[in-house]
$ cat protein_11.txt   # compact mmCIF, C-alpha atoms and all ligand atoms
# COMPACT_ATOMS: atom_id res chain seq x y z
CA MET A 297 -14.17 -69.22 47.50
CA THR A 298 -15.71 -66.65 45.11
CA GLN A 299 -14.95 -66.11 41.44
CA THR A 300 -15.33 -63.18 39.07
CA ALA A 301 -16.44 -64.05 35.54
CA ALA A 302 -14.64 -63.18 32.32
CA LEU A 303 -11.11 -63.04 33.68
CA PRO A 304 -8.43 -65.68 33.27
CA LEU A 305 -8.45 -67.82 36.41
CA LEU A 306 -4.93 -66.63 37.18
CA PHE A 307 -6.31 -63.13 37.68
CA THR A 308 -9.57 -64.12 39.31
CA PRO A 309 -9.72 -62.97 42.94
CA MET A 310 -10.28 -65.57 45.61
CA SER A 311 -11.53 -65.37 49.19
CA LEU A 312 -9.88 -67.48 51.83
CA ARG A 313 -11.60 -67.17 55.22
CA SER A 314 -11.65 -63.37 55.73
CA VAL A 315 -8.73 -62.63 53.39
CA SER A 316 -9.21 -61.57 49.75
CA LEU A 317 -6.47 -62.62 47.38
CA PRO A 318 -6.43 -60.23 44.38
CA ASN A 319 -5.27 -63.03 42.07
CA ARG A 320 -3.99 -66.63 42.20
CA ILE A 321 -0.31 -65.73 41.88
CA VAL A 322 1.83 -66.48 44.91
CA VAL A 323 5.47 -65.70 45.58
CA PRO A 324 6.51 -68.79 47.56
CA PRO A 325 8.85 -68.60 50.54
CA MET A 326 12.44 -68.17 49.33
CA ALA A 327 15.10 -67.88 52.04
CA GLN A 328 17.55 -65.02 51.56
CA TYR A 329 19.94 -65.95 54.41
CA THR A 330 20.57 -62.25 55.01
CA ALA A 331 19.11 -61.53 58.45
CA ASP A 332 21.09 -60.49 61.52
CA ASP A 333 20.11 -62.52 64.58
CA GLY A 334 16.82 -63.30 62.83
CA VAL A 335 15.97 -59.62 62.24
CA ALA A 336 14.80 -58.40 58.81
CA ASN A 337 16.57 -55.39 57.31
CA ASP A 338 16.45 -52.98 54.34
CA PHE A 339 17.29 -55.75 51.90
CA HIS A 340 14.21 -57.75 52.91
CA GLN A 341 12.01 -54.69 52.58
CA VAL A 342 13.05 -53.99 48.99
CA HIS A 343 13.17 -57.69 48.13
CA TYR A 344 9.61 -58.45 49.27
CA GLY A 345 8.17 -55.05 48.35
CA LYS A 346 9.17 -55.39 44.73
CA PHE A 347 7.10 -58.55 44.23
CA ALA A 348 4.01 -56.70 45.46
CA LEU A 349 4.87 -53.82 43.13
CA GLY A 350 5.14 -56.44 40.37
CA GLY A 351 1.56 -57.63 40.81
CA ALA A 352 1.87 -60.81 42.88
CA GLY A 353 -1.36 -61.49 44.78
CA THR A 354 0.25 -63.08 47.82
CA VAL A 355 3.84 -62.55 48.90
CA PHE A 356 5.29 -65.12 51.28
CA VAL A 357 8.19 -64.15 53.46
CA GLU A 358 10.76 -66.95 53.58
CA ALA A 359 11.11 -69.77 56.13
CA THR A 360 11.31 -67.96 59.46
CA GLY A 361 12.63 -69.77 62.54
CA VAL A 362 10.22 -70.16 65.44
CA THR A 363 13.19 -70.46 67.81
CA ARG A 364 16.85 -69.47 67.67
CA GLU A 365 17.96 -73.08 67.23
CA GLY A 366 15.22 -73.61 64.64
CA ARG A 367 16.98 -71.35 62.13
CA ILE A 368 18.54 -73.19 59.22
CA THR A 369 21.52 -70.83 58.89
CA ASN A 370 22.97 -67.91 60.81
CA GLY A 371 21.31 -65.64 58.22
CA CYS A 372 17.75 -66.96 58.54
CA LEU A 373 14.89 -64.78 59.72
CA GLY A 374 13.33 -65.48 63.12
CA LEU A 375 10.16 -64.61 64.94
CA TRP A 376 10.74 -65.34 68.61
CA ASN A 377 11.24 -61.81 69.95
CA ASP A 378 9.84 -58.27 69.79
CA THR A 379 12.72 -56.84 67.72
CA GLN A 380 12.16 -59.41 65.00
CA GLN A 381 8.40 -58.83 65.08
CA ARG A 382 8.78 -55.04 64.75
CA ALA A 383 11.23 -55.40 61.85
CA PHE A 384 8.53 -57.16 59.81
CA GLU A 385 6.05 -54.30 60.18
CA PRO A 386 7.39 -52.07 57.36
CA ILE A 387 7.50 -55.12 55.09
CA THR A 388 3.88 -56.12 55.65
CA ARG A 389 2.83 -52.46 55.33
CA LEU A 390 4.63 -52.14 52.02
CA ILE A 391 3.15 -55.35 50.60
CA ARG A 392 -0.36 -54.36 51.66
CA SER A 393 0.03 -50.83 50.25
CA ARG A 394 0.29 -52.41 46.79
CA GLY A 395 -2.92 -54.40 47.27
CA ALA A 396 -1.10 -57.70 47.82
CA VAL A 397 -1.48 -60.02 50.81
CA PRO A 398 1.50 -60.33 53.19
CA ALA A 399 2.11 -63.94 54.22
CA ILE A 400 4.85 -65.78 56.08
CA GLN A 401 6.20 -69.30 56.38
CA ILE A 402 7.17 -70.33 59.90
CA GLY A 403 9.41 -73.32 60.44
CA HIS A 404 12.07 -75.19 62.32
CA GLY A 405 15.15 -76.53 60.58
CA GLY A 406 15.39 -79.76 62.60
CA ARG A 407 18.54 -81.72 61.75
CA LYS A 408 19.28 -79.31 58.88
CA SER A 409 19.69 -76.41 61.35
CA SER A 410 23.08 -74.81 61.93
CA MET A 411 24.28 -75.28 58.36
CA GLN A 412 26.10 -73.07 55.84
CA ARG A 413 24.44 -70.34 53.83
CA PRO A 414 24.12 -71.74 50.27
CA TRP A 415 26.78 -69.53 48.74
CA PHE A 416 29.32 -70.63 51.39
CA GLY A 417 28.83 -74.30 50.52
CA ASN A 418 25.31 -75.43 51.54
CA GLY A 419 26.81 -78.09 53.82
CA PRO A 420 27.79 -78.35 57.48
CA LEU A 421 29.54 -75.28 58.96
CA ASN A 422 33.34 -75.42 58.76
CA ASP A 423 36.36 -73.45 60.03
CA GLN A 424 36.05 -70.87 57.26
CA ASP A 425 32.48 -70.17 58.37
CA PHE A 426 33.56 -69.85 62.01
CA ALA A 427 36.30 -67.41 60.90
CA ARG A 428 33.51 -65.36 59.28
CA GLY A 429 31.77 -65.24 62.66
CA GLU A 430 29.14 -67.92 62.04
CA GLN A 431 27.98 -69.81 65.11
CA SER A 432 27.08 -73.44 65.47
CA TRP A 433 24.40 -74.91 67.71
CA GLN A 434 22.86 -78.25 68.63
CA PRO A 435 20.08 -79.17 66.19
CA LEU A 436 16.91 -80.93 67.34
CA ALA A 437 15.25 -83.79 65.45
CA PRO A 438 12.92 -86.74 66.02
CA SER A 439 15.95 -89.06 66.18
CA ALA A 440 19.66 -88.59 66.79
CA VAL A 441 20.58 -89.36 63.19
CA ALA A 442 22.62 -86.90 61.11
CA LEU A 443 21.49 -85.90 57.63
CA ALA A 444 24.68 -87.38 56.17
CA ASP A 445 28.31 -88.00 57.14
CA GLY A 446 29.97 -84.85 58.42
CA TRP A 447 26.71 -83.21 59.50
CA LEU A 448 25.89 -82.46 63.13
CA VAL A 449 24.19 -85.28 65.01
CA PRO A 450 20.94 -83.78 66.31
CA LYS A 451 19.53 -84.31 69.77
CA ALA A 452 16.46 -86.58 69.73
CA MET A 453 13.65 -84.38 71.03
CA ASP A 454 12.26 -85.26 74.45
CA GLU A 455 8.81 -84.33 75.69
CA HIS A 456 9.99 -80.96 76.95
CA ASP A 457 11.60 -80.08 73.57
CA MET A 458 8.40 -81.07 71.76
CA THR A 459 6.14 -79.03 74.03
CA ARG A 460 8.41 -76.00 73.87
CA THR A 461 8.75 -76.16 70.08
CA ARG A 462 5.02 -76.64 69.52
CA GLN A 463 4.39 -73.56 71.65
CA ALA A 464 7.07 -71.68 69.69
CA PHE A 465 5.11 -72.33 66.48
CA VAL A 466 1.98 -70.92 68.15
CA ASP A 467 3.84 -67.88 69.50
CA ALA A 468 5.48 -67.18 66.12
CA ALA A 469 2.10 -67.41 64.35
CA LEU A 470 0.63 -64.87 66.77
CA ARG A 471 3.65 -62.60 66.40
CA ALA A 472 3.23 -62.87 62.62
CA LEU A 473 -0.35 -61.58 62.90
CA ALA A 474 0.75 -58.79 65.21
CA ALA A 475 3.39 -57.80 62.63
CA GLY A 476 0.69 -57.50 59.95
CA PHE A 477 0.86 -60.83 58.14
CA GLU A 478 -2.54 -62.12 56.99
CA ILE A 479 -1.65 -65.72 56.11
CA VAL A 480 0.57 -68.16 58.00
CA GLU A 481 2.17 -71.22 56.42
CA ILE A 482 3.70 -74.04 58.47
CA HIS A 483 6.83 -75.51 56.90
CA MET A 484 6.37 -79.29 56.85
CA ALA A 485 8.65 -79.93 53.86
CA HIS A 486 12.23 -80.24 52.60
CA GLY A 487 13.64 -82.41 55.39
CA TYR A 488 13.20 -79.82 58.12
CA LEU A 489 11.83 -80.66 61.55
CA LEU A 490 8.18 -81.48 60.85
CA HIS A 491 8.92 -83.32 57.61
CA SER A 492 11.59 -85.31 59.43
CA PHE A 493 8.93 -86.50 61.88
CA LEU A 494 6.74 -87.62 58.96
CA SER A 495 9.34 -89.53 57.00
CA PRO A 496 10.57 -93.05 57.81
CA LEU A 497 13.96 -91.93 56.45
CA SER A 498 14.50 -89.68 59.49
CA ASN A 499 12.07 -90.78 62.21
CA PHE A 500 13.28 -93.85 64.13
CA ARG A 501 11.38 -93.17 67.34
CA THR A 502 9.91 -96.03 69.29
CA ASP A 503 7.47 -93.90 71.31
CA ALA A 504 4.02 -92.61 70.30
CA TYR A 505 5.64 -90.31 67.69
CA GLY A 506 7.39 -92.94 65.57
CA GLY A 507 6.64 -96.18 63.76
CA SER A 508 3.28 -96.22 61.99
CA LEU A 509 2.12 -93.50 59.62
CA ALA A 510 -0.35 -92.27 62.25
CA ALA A 511 2.41 -92.05 64.86
CA ARG A 512 4.82 -90.22 62.53
CA MET A 513 2.08 -87.72 61.65
CA ARG A 514 1.17 -87.15 65.31
CA TYR A 515 3.61 -84.32 66.14
CA PRO A 516 3.19 -82.35 62.87
CA LEU A 517 -0.59 -82.61 63.32
CA GLU A 518 -0.32 -81.47 66.94
CA VAL A 519 1.63 -78.43 65.77
CA ALA A 520 -0.89 -77.65 63.01
CA SER A 521 -3.84 -78.04 65.43
CA ALA A 522 -2.21 -75.83 68.04
CA VAL A 523 -1.47 -73.08 65.50
CA ARG A 524 -4.99 -73.32 64.04
CA ALA A 525 -6.54 -73.09 67.52
CA ALA A 526 -4.51 -69.96 68.30
CA LEU A 527 -5.20 -68.12 65.04
CA PRO A 528 -8.40 -66.11 64.59
CA ALA A 529 -11.06 -67.91 62.54
CA GLY A 530 -10.56 -65.42 59.69
CA THR A 531 -6.86 -66.17 59.17
CA PRO A 532 -5.99 -68.72 56.49
CA LEU A 533 -3.48 -71.42 57.42
CA PHE A 534 -1.33 -73.06 54.73
CA VAL A 535 0.95 -76.06 55.12
CA ARG A 536 3.85 -76.77 52.78
CA ILE A 537 4.56 -80.47 52.39
CA SER A 538 7.12 -82.52 50.56
CA SER A 539 4.64 -84.62 48.62
CA GLU A 540 7.18 -87.43 48.37
CA ASP A 541 10.76 -88.06 49.44
CA GLY A 542 11.65 -89.66 46.12
CA PHE A 543 13.53 -92.52 47.79
CA GLU A 544 12.69 -96.18 48.33
CA GLY A 545 11.20 -96.60 51.81
CA GLY A 546 10.55 -92.87 52.19
CA TRP A 547 7.45 -90.67 52.47
CA THR A 548 5.10 -91.24 49.52
CA MET A 549 2.35 -89.43 47.68
CA ASP A 550 -0.18 -91.85 49.17
CA ASP A 551 1.02 -90.76 52.63
CA SER A 552 0.57 -87.13 51.56
CA VAL A 553 -3.07 -87.69 50.66
CA VAL A 554 -3.68 -89.16 54.14
CA LEU A 555 -1.82 -86.25 55.74
CA ALA A 556 -3.74 -83.67 53.70
CA ARG A 557 -7.06 -85.14 54.86
CA GLU A 558 -5.88 -84.94 58.46
CA LEU A 559 -4.67 -81.36 57.98
CA LEU A 560 -8.04 -80.43 56.48
CA ALA A 561 -9.69 -81.86 59.59
CA CYS A 562 -7.36 -79.68 61.70
CA GLY A 563 -8.62 -76.58 59.90
CA VAL A 564 -5.79 -76.10 57.41
CA ASP A 565 -6.97 -74.30 54.27
CA VAL A 566 -4.33 -74.88 51.59
CA ILE A 567 -1.69 -77.55 50.96
CA ASP A 568 1.35 -76.11 49.21
CA CYS A 569 2.75 -79.08 47.30
CA SER A 570 6.52 -79.24 47.09
CA SER A 571 8.72 -82.35 47.30
CA GLY A 572 12.08 -83.76 48.33
CA GLY A 573 14.71 -82.52 50.78
CA ASN A 574 14.87 -85.54 53.06
CA THR A 575 17.43 -88.16 52.28
CA PRO A 576 18.56 -91.56 53.52
CA ARG A 577 22.11 -91.60 54.87
CA GLY A 578 24.71 -91.06 52.18
CA ALA A 579 22.37 -89.58 49.57
CA THR A 580 22.39 -85.88 48.82
CA ASN A 581 19.39 -85.22 46.64
CA ALA A 582 15.99 -86.61 45.74
CA ASN A 583 15.56 -88.73 42.64
CA LEU A 584 13.05 -86.35 41.10
CA GLN A 585 12.93 -85.37 37.45
CA ARG A 586 12.61 -81.60 37.26
CA ALA A 587 10.67 -80.57 34.14
CA PRO A 588 8.27 -77.60 33.82
CA GLY A 589 5.42 -78.02 36.29
CA TYR A 590 6.98 -81.21 37.70
CA GLN A 591 5.14 -80.92 41.01
CA VAL A 592 1.71 -80.11 39.54
CA PRO A 593 0.64 -83.80 39.63
CA PHE A 594 1.08 -83.66 43.43
CA ALA A 595 -1.14 -80.58 43.76
CA ARG A 596 -3.70 -82.17 41.42
CA ARG A 597 -3.92 -85.38 43.47
CA ILE A 598 -4.09 -83.60 46.82
CA ARG A 599 -6.91 -81.38 45.53
CA ALA A 600 -8.85 -84.29 43.97
CA GLU A 601 -8.38 -86.92 46.68
CA ALA A 602 -8.14 -84.93 49.91
CA ARG A 603 -10.66 -82.29 48.72
CA ILE A 604 -8.62 -79.41 50.02
CA LEU A 605 -7.32 -76.37 48.13
CA SER A 606 -3.85 -76.88 46.72
CA GLU A 607 -0.98 -74.73 45.53
CA ALA A 608 1.30 -75.83 42.71
CA VAL A 609 4.97 -74.81 42.63
CA GLY A 610 8.06 -75.77 40.71
CA LEU A 611 9.32 -74.61 37.33
CA ILE A 612 6.16 -72.76 36.36
CA ARG A 613 7.52 -69.82 34.39
CA ASP A 614 4.95 -68.84 31.81
CA GLY A 615 1.56 -67.14 32.25
CA LEU A 616 -0.18 -69.41 29.74
CA HIS A 617 1.17 -72.50 31.51
CA ALA A 618 0.01 -71.15 34.89
CA GLU A 619 -3.46 -70.45 33.49
CA GLN A 620 -3.63 -73.92 31.93
CA ILE A 621 -2.85 -75.58 35.29
CA LEU A 622 -5.73 -73.72 36.93
CA GLN A 623 -8.11 -74.41 34.01
CA ASP A 624 -7.27 -78.14 34.11
CA GLY A 625 -7.98 -78.38 37.83
CA GLY A 626 -4.31 -78.97 38.67
CA ALA A 627 -4.29 -76.48 41.54
CA ASP A 628 -6.07 -73.49 43.09
CA LEU A 629 -3.03 -71.27 43.47
CA ILE A 630 0.16 -70.96 41.44
CA ALA A 631 3.50 -70.20 43.09
CA ILE A 632 6.23 -68.66 40.97
CA GLY A 633 9.62 -68.78 42.68
CA ARG A 634 12.88 -68.27 40.79
CA GLN A 635 11.08 -66.76 37.81
CA PHE A 636 9.99 -63.95 40.16
CA LEU A 637 13.63 -63.47 41.18
CA PHE A 638 14.46 -63.20 37.48
CA ASP A 639 11.48 -60.95 36.70
CA PRO A 640 9.93 -59.20 39.73
CA PHE A 641 7.20 -57.90 37.38
CA TRP A 642 6.25 -61.43 36.35
CA ALA A 643 2.59 -61.07 37.34
CA LEU A 644 2.11 -57.84 35.39
CA HIS A 645 3.86 -59.36 32.39
CA ALA A 646 1.56 -62.39 32.65
CA ALA A 647 -1.47 -60.06 32.66
CA HIS A 648 -0.14 -58.49 29.48
CA GLN A 649 0.51 -61.91 27.95
CA LEU A 650 -3.03 -63.08 28.80
CA GLY A 651 -4.41 -59.92 27.20
CA ILE A 652 -6.18 -58.47 30.21
CA ASP A 653 -4.08 -55.37 30.73
CA PRO A 654 -3.33 -53.72 27.36
CA ASP A 655 -3.35 -50.23 28.93
CA PHE A 656 -1.09 -51.04 31.92
CA LYS A 657 -3.95 -50.38 34.33
CA LEU A 658 -2.62 -52.98 36.78
CA TRP A 659 0.82 -51.32 36.90
CA PRO A 660 1.79 -48.76 39.53
CA HIS A 661 0.24 -45.54 38.23
CA GLN A 662 3.64 -43.89 38.40
CA TYR A 663 4.79 -46.29 35.65
CA ALA A 664 1.50 -46.77 33.80
CA TRP A 665 1.20 -43.19 32.51
CA TRP A 666 4.55 -43.58 30.74
CA LEU A 667 4.33 -47.18 29.67
CA GLU A 668 0.98 -46.79 27.90
CA LYS A 669 2.37 -44.02 25.66
CA TRP A 670 5.69 -45.84 25.22
CA ASP A 671 3.88 -49.02 24.10
CA LYS A 672 1.57 -47.15 21.70
CA GLY A 673 4.59 -45.40 20.17
CA ILE A 674 6.41 -48.71 19.66
CA LYS A 675 3.35 -50.33 18.09
CA ALA A 676 2.69 -47.33 15.79
CA ARG A 677 6.29 -47.35 14.58
CA GLU A 678 6.18 -51.10 13.96
CA ALA A 679 2.90 -50.72 12.02
CA SER A 680 4.30 -47.96 9.82
CA GLU A 681 7.45 -50.01 9.12
CA ARG A 682 5.28 -52.95 8.04
CA ALA A 683 3.09 -50.76 5.79
C1 LIG B 701 16.51 -68.84 46.89
C2 LIG B 701 15.49 -69.87 47.28
C3 LIG B 701 15.13 -70.01 48.62
C4 LIG B 701 14.13 -70.91 49.00
N1 LIG B 701 13.70 -70.93 50.30
C5 LIG B 701 12.61 -71.64 50.63
C6 LIG B 701 12.01 -71.49 51.90
O1 LIG B 701 12.41 -70.62 52.70
N2 LIG B 701 10.96 -72.29 52.20
C7 LIG B 701 10.46 -73.19 51.30
O2 LIG B 701 9.51 -73.90 51.62
N3 LIG B 701 10.98 -73.31 50.07
C8 LIG B 701 12.01 -72.54 49.70
N4 LIG B 701 12.49 -72.58 48.42
C9 LIG B 701 11.76 -73.36 47.41
C10 LIG B 701 10.79 -72.45 46.64
O3 LIG B 701 9.75 -71.96 47.47
C11 LIG B 701 10.14 -73.18 45.45
O4 LIG B 701 9.39 -74.25 45.94
C12 LIG B 701 11.20 -73.71 44.47
O5 LIG B 701 12.11 -72.69 44.12
C13 LIG B 701 10.56 -74.26 43.20
O6 LIG B 701 9.79 -73.27 42.56
P1 LIG B 701 10.38 -72.45 41.28
O7 LIG B 701 10.80 -73.46 40.24
O8 LIG B 701 9.22 -71.60 40.83
O9 LIG B 701 11.54 -71.64 41.74
C14 LIG B 701 13.52 -71.73 48.02
C15 LIG B 701 13.94 -71.63 46.69
C16 LIG B 701 14.89 -70.70 46.31
C17 LIG B 701 15.25 -70.56 44.86

$ encode --input "protein_11.txt" --output "structure tokens"
Amino acid sequence: MTQTAALPLLFTPMSLRSVSLPNRIVVPPMAQYTADDGVANDFHQVHYGKFALGGAGTVFVEATGVTREGRITNGCLGLWNDTQQRAFEPITRLIRSRGAVPAIQIGHGGRKSSMQRPWFGNGPLNDQDFARGEQSWQPLAPSAVALADGWLVPKAMDEHDMTRTRQAFVDAALRALAAGFEIVEIHMAHGYLLHSFLSPLSNFRTDAYGGSLAARMRYPLEVASAVRAALPAGTPLFVRISSEDGFEGGWTMDDSVVLARELLACGVDVIDCSSGGNTPRGATNANLQRAPGYQVPFARRIRAEARILSEAVGLIRDGLHAEQILQDGGADLIAIGRQFLFDPFWALHAAHQLGIDPDFKLWPHQYAWWLEKWDKGIKAREASERA
């Protein structure tokens, strides 16, 4: 990691393996549920391109299924065939053309696969969804235990399923590189397949992949090792974890520290610290209090105790707050999710707020020429009104 002096940390570039991040601002994966058979379209291009235009350093494309049955919804992106791979190319080109780093999260939905798009209910598919043309499929999971009543009962993965899915992660990571992505993140959070192996709330296996913490970590670590081994040495690998389940008897922050150490040993570079998403039967949500920066303590502990780079995410909305987290050693990278949906120019506004871009030099030059004069005019008028 290298640092440039005299800039706020938020705008200090950072090197990760052979990739240079222009700043510490990350757009985290945010599923748009708008793909056709896993293929990205014009919406995705504008959606992701605008964050790069708005100054984000790293733009993550949403959770992308490594297999057809690994999609969460019918509208999720996929990366198991050539058509899907090619459709990502204009997106990565666009992100890179703005000086940002194109990144992608690859994942498998596990027992939460084959569910409704959020705006149709966010639950199991029903007759109204089928009337809309949605299709259902058999989810895979460590154990044949549904997420909750009314949800599909997944098939407990056998050795063949596990080998095939591990290879699908590797293949998707290589397709991601071929499509122009420079960073790959493995989705190990939010109750999806790899998290469901980790957590005692969803893993009831009695073979080598269930029981003790080491056994529950075995498959996720195998996947991470296989992806790392396939990627070139210069490509950074991130893993998103749910730092804790937030339920009695579930995955804990202490477990996450152990996992992060193991992931570091596998060659993972950054732990992206989220939480929740896996529930005991009957419960629908994690018992987490959601206040500004509520997940920063997870990123801070992972960084301090596992000695690996960490990314903080969750209700970070203000540039000063983001800078403070970095200054305090809470994290190495700051992910801004919904606030970027609200304000796609969040990063450029934060640069303004932190006083490093009074002349709009970081803005697209097509805007900067106008905005500089516009701003001076506003300030001059305000000054003359005060006088
Ligand atoms: C529309 C939307 C889609 C999301 N999709 C994903 C996803 O694909 N993968 C993932 O790991 N997290 C996903 N998340 C979680 C976000 O990455 C982020 O962790 C969460 O929104 C909290 O950060 P925020 O408060 O800055 O929005 C999603 C969140 C939103 C709002």

$ residues_near_ligand --input "protein_11.txt" --ligand "ligand LIG 701 (chain B)" --cutoff "8 Å" --atoms "only C-alpha atoms and all ligand atoms" --output "PyMOL selection string"
chain A and resi 323-328+357-360+401+483+485-486+536+570+609-613+631-636

$ write_last_selection --input "protein_11.txt" --atoms "C-alpha atoms" --output "PDB file, in the coordinates of the input"
ATOM      1  CA  VAL A 323       5.470 -65.700  45.580  1.00  0.00           C
ATOM      2  CA  PRO A 324       6.510 -68.790  47.560  1.00  0.00           C
ATOM      3  CA  PRO A 325       8.850 -68.600  50.540  1.00  0.00           C
ATOM      4  CA  MET A 326      12.440 -68.170  49.330  1.00  0.00           C
ATOM      5  CA  ALA A 327      15.100 -67.880  52.040  1.00  0.00           C
ATOM      6  CA  GLN A 328      17.550 -65.020  51.560  1.00  0.00           C
ATOM      7  CA  VAL A 357       8.190 -64.150  53.460  1.00  0.00           C
ATOM      8  CA  GLU A 358      10.760 -66.950  53.580  1.00  0.00           C
ATOM      9  CA  ALA A 359      11.110 -69.770  56.130  1.00  0.00           C
ATOM     10  CA  THR A 360      11.310 -67.960  59.460  1.00  0.00           C
ATOM     11  CA  GLN A 401       6.200 -69.300  56.380  1.00  0.00           C
ATOM     12  CA  HIS A 483       6.830 -75.510  56.900  1.00  0.00           C
ATOM     13  CA  ALA A 485       8.650 -79.930  53.860  1.00  0.00           C
ATOM     14  CA  HIS A 486      12.230 -80.240  52.600  1.00  0.00           C
ATOM     15  CA  ARG A 536       3.850 -76.770  52.780  1.00  0.00           C
ATOM     16  CA  SER A 570       6.520 -79.240  47.090  1.00  0.00           C
ATOM     17  CA  VAL A 609       4.970 -74.810  42.630  1.00  0.00           C
ATOM     18  CA  GLY A 610       8.060 -75.770  40.710  1.00  0.00           C
ATOM     19  CA  LEU A 611       9.320 -74.610  37.330  1.00  0.00           C
ATOM     20  CA  ILE A 612       6.160 -72.760  36.360  1.00  0.00           C
ATOM     21  CA  ARG A 613       7.520 -69.820  34.390  1.00  0.00           C
ATOM     22  CA  ALA A 631       3.500 -70.200  43.090  1.00  0.00           C
ATOM     23  CA  ILE A 632       6.230 -68.660  40.970  1.00  0.00           C
ATOM     24  CA  GLY A 633       9.620 -68.780  42.680  1.00  0.00           C
ATOM     25  CA  ARG A 634      12.880 -68.270  40.790  1.00  0.00           C
ATOM     26  CA  GLN A 635      11.080 -66.760  37.810  1.00  0.00           C
ATOM     27  CA  PHE A 636       9.990 -63.950  40.160  1.00  0.00           C
TER      28      PHE A 636
END

$ atom_distance --input "protein_11.txt" --atom1 "atom CA of Gly406 of chain A" --atom2 "atom CA of Glu558 of chain A"
22.3 Å

$ residues_around --input "protein_11.txt" --residues "Thr330 of chain A" --least-positions-apart "2" --cutoff "12 Å" --atoms "only C-alpha atoms" --output "PyMOL selection string"
chain A and resi 326-328+332-341+343+358+360+368-374+413-415

$ residues_around --input "protein_11.txt" --residues "Leu305 of chain A" --least-positions-apart "6" --cutoff "8 Å" --atoms "only C-alpha atoms" --output "PyMOL selection string"
chain A and resi 320+619+622-623

$ residues_near_point --input "protein_11.txt" --point "(20.5, -83.7, 54.5)" --cutoff "6 Å" --atoms "all atoms listed in the file" --output "count of residues only"
3

$ residues_around --input "protein_11.txt" --residues "Gly403 of chain A" --least-positions-apart "3" --cutoff "9 Å" --atoms "only C-alpha atoms" --output "CSV table (one decimal) with C-alpha atoms, in the coordinates of the input"
chain,number,residue,atom,x,y,z
A,359,ALA,CA,11.1,-69.8,56.1
A,360,THR,CA,11.3,-68.0,59.5
A,361,GLY,CA,12.6,-69.8,62.5
A,362,VAL,CA,10.2,-70.2,65.4
A,363,THR,CA,13.2,-70.5,67.8
A,366,GLY,CA,15.2,-73.6,64.6
A,367,ARG,CA,17.0,-71.4,62.1
A,465,PHE,CA,5.1,-72.3,66.5
A,481,GLU,CA,2.2,-71.2,56.4
A,482,ILE,CA,3.7,-74.0,58.5
A,483,HIS,CA,6.8,-75.5,56.9
A,484,MET,CA,6.4,-79.3,56.8
A,488,TYR,CA,13.2,-79.8,58.1
A,489,LEU,CA,11.8,-80.7,61.6
A,490,LEU,CA,8.2,-81.5,60.8

$ closest_atom_pairs --input "protein_11.txt" --of "segment 426-517 of chain A" --to "segment 388-396 of chain A" --cutoff "8 Å" --atoms "all atoms listed in the file" --output "tab-separated table"
residue	atom	partner	partner_atom	distance
A:Ala475	CA	A:Thr388	CA	7.2
A:Gly476	CA	A:Thr388	CA	5.5
A:Phe477	CA	A:Thr388	CA	6.1

$ write_last_selection --input "protein_11.txt" --atoms "C-alpha atoms" --output "compact mmCIF listing (two decimals), keeping the file's coordinate frame"
# COMPACT_ATOMS: atom_id res chain seq x y z
CA ALA A 475 3.39 -57.80 62.63
CA GLY A 476 0.69 -57.50 59.95
CA PHE A 477 0.86 -60.83 58.14

$ residues_around --input "protein_11.txt" --residues "Val322 of chain A" --least-positions-apart "6" --cutoff "10 Å" --atoms "all atoms listed in the file" --output "MDAnalysis selection string"
chainID A and resid 347 351:356 396:397 399 607:609 629:633 636 643

$ write_last_selection --input "protein_11.txt" --atoms "C-alpha atoms" --output "mmCIF file, keeping the file's coordinate frame"
data_model
loop_
_atom_site.group_PDB
_atom_site.id
_atom_site.type_symbol
_atom_site.label_atom_id
_atom_site.label_comp_id
_atom_site.auth_asym_id
_atom_site.auth_seq_id
_atom_site.Cartn_x
_atom_site.Cartn_y
_atom_site.Cartn_z
ATOM 1 C CA PHE A 347 7.100 -58.550 44.230
ATOM 2 C CA GLY A 351 1.560 -57.630 40.810
ATOM 3 C CA ALA A 352 1.870 -60.810 42.880
ATOM 4 C CA GLY A 353 -1.360 -61.490 44.780
ATOM 5 C CA THR A 354 0.250 -63.080 47.820
ATOM 6 C CA VAL A 355 3.840 -62.550 48.900
ATOM 7 C CA PHE A 356 5.290 -65.120 51.280
ATOM 8 C CA ALA A 396 -1.100 -57.700 47.820
ATOM 9 C CA VAL A 397 -1.480 -60.020 50.810
ATOM 10 C CA ALA A 399 2.110 -63.940 54.220
ATOM 11 C CA GLU A 607 -0.980 -74.730 45.530
ATOM 12 C CA ALA A 608 1.300 -75.830 42.710
ATOM 13 C CA VAL A 609 4.970 -74.810 42.630
ATOM 14 C CA LEU A 629 -3.030 -71.270 43.470
ATOM 15 C CA ILE A 630 0.160 -70.960 41.440
ATOM 16 C CA ALA A 631 3.500 -70.200 43.090
ATOM 17 C CA ILE A 632 6.230 -68.660 40.970
ATOM 18 C CA GLY A 633 9.620 -68.780 42.680
ATOM 19 C CA PHE A 636 9.990 -63.950 40.160
ATOM 20 C CA ALA A 643 2.590 -61.070 37.340
#

$ atom_distance --input "protein_11.txt" --atom1 "atom CA of Trp447 of chain A" --atom2 "atom CA of Pro420 of chain A"
5.4 Å

$ closest_residue --input "protein_11.txt" --among "A:Thr308, A:Pro438, A:Leu527, A:Ala664" --to "Ala504 of chain A" --atoms "all atoms listed in the file"
A:Pro438

$ residues_near_point --input "protein_11.txt" --point "(-11.9, -67.4, 45.0)" --cutoff "12 Å" --atoms "all atoms listed in the file" --output "ChimeraX atom specification"
/A:297-301,305-320,605,622,628-629
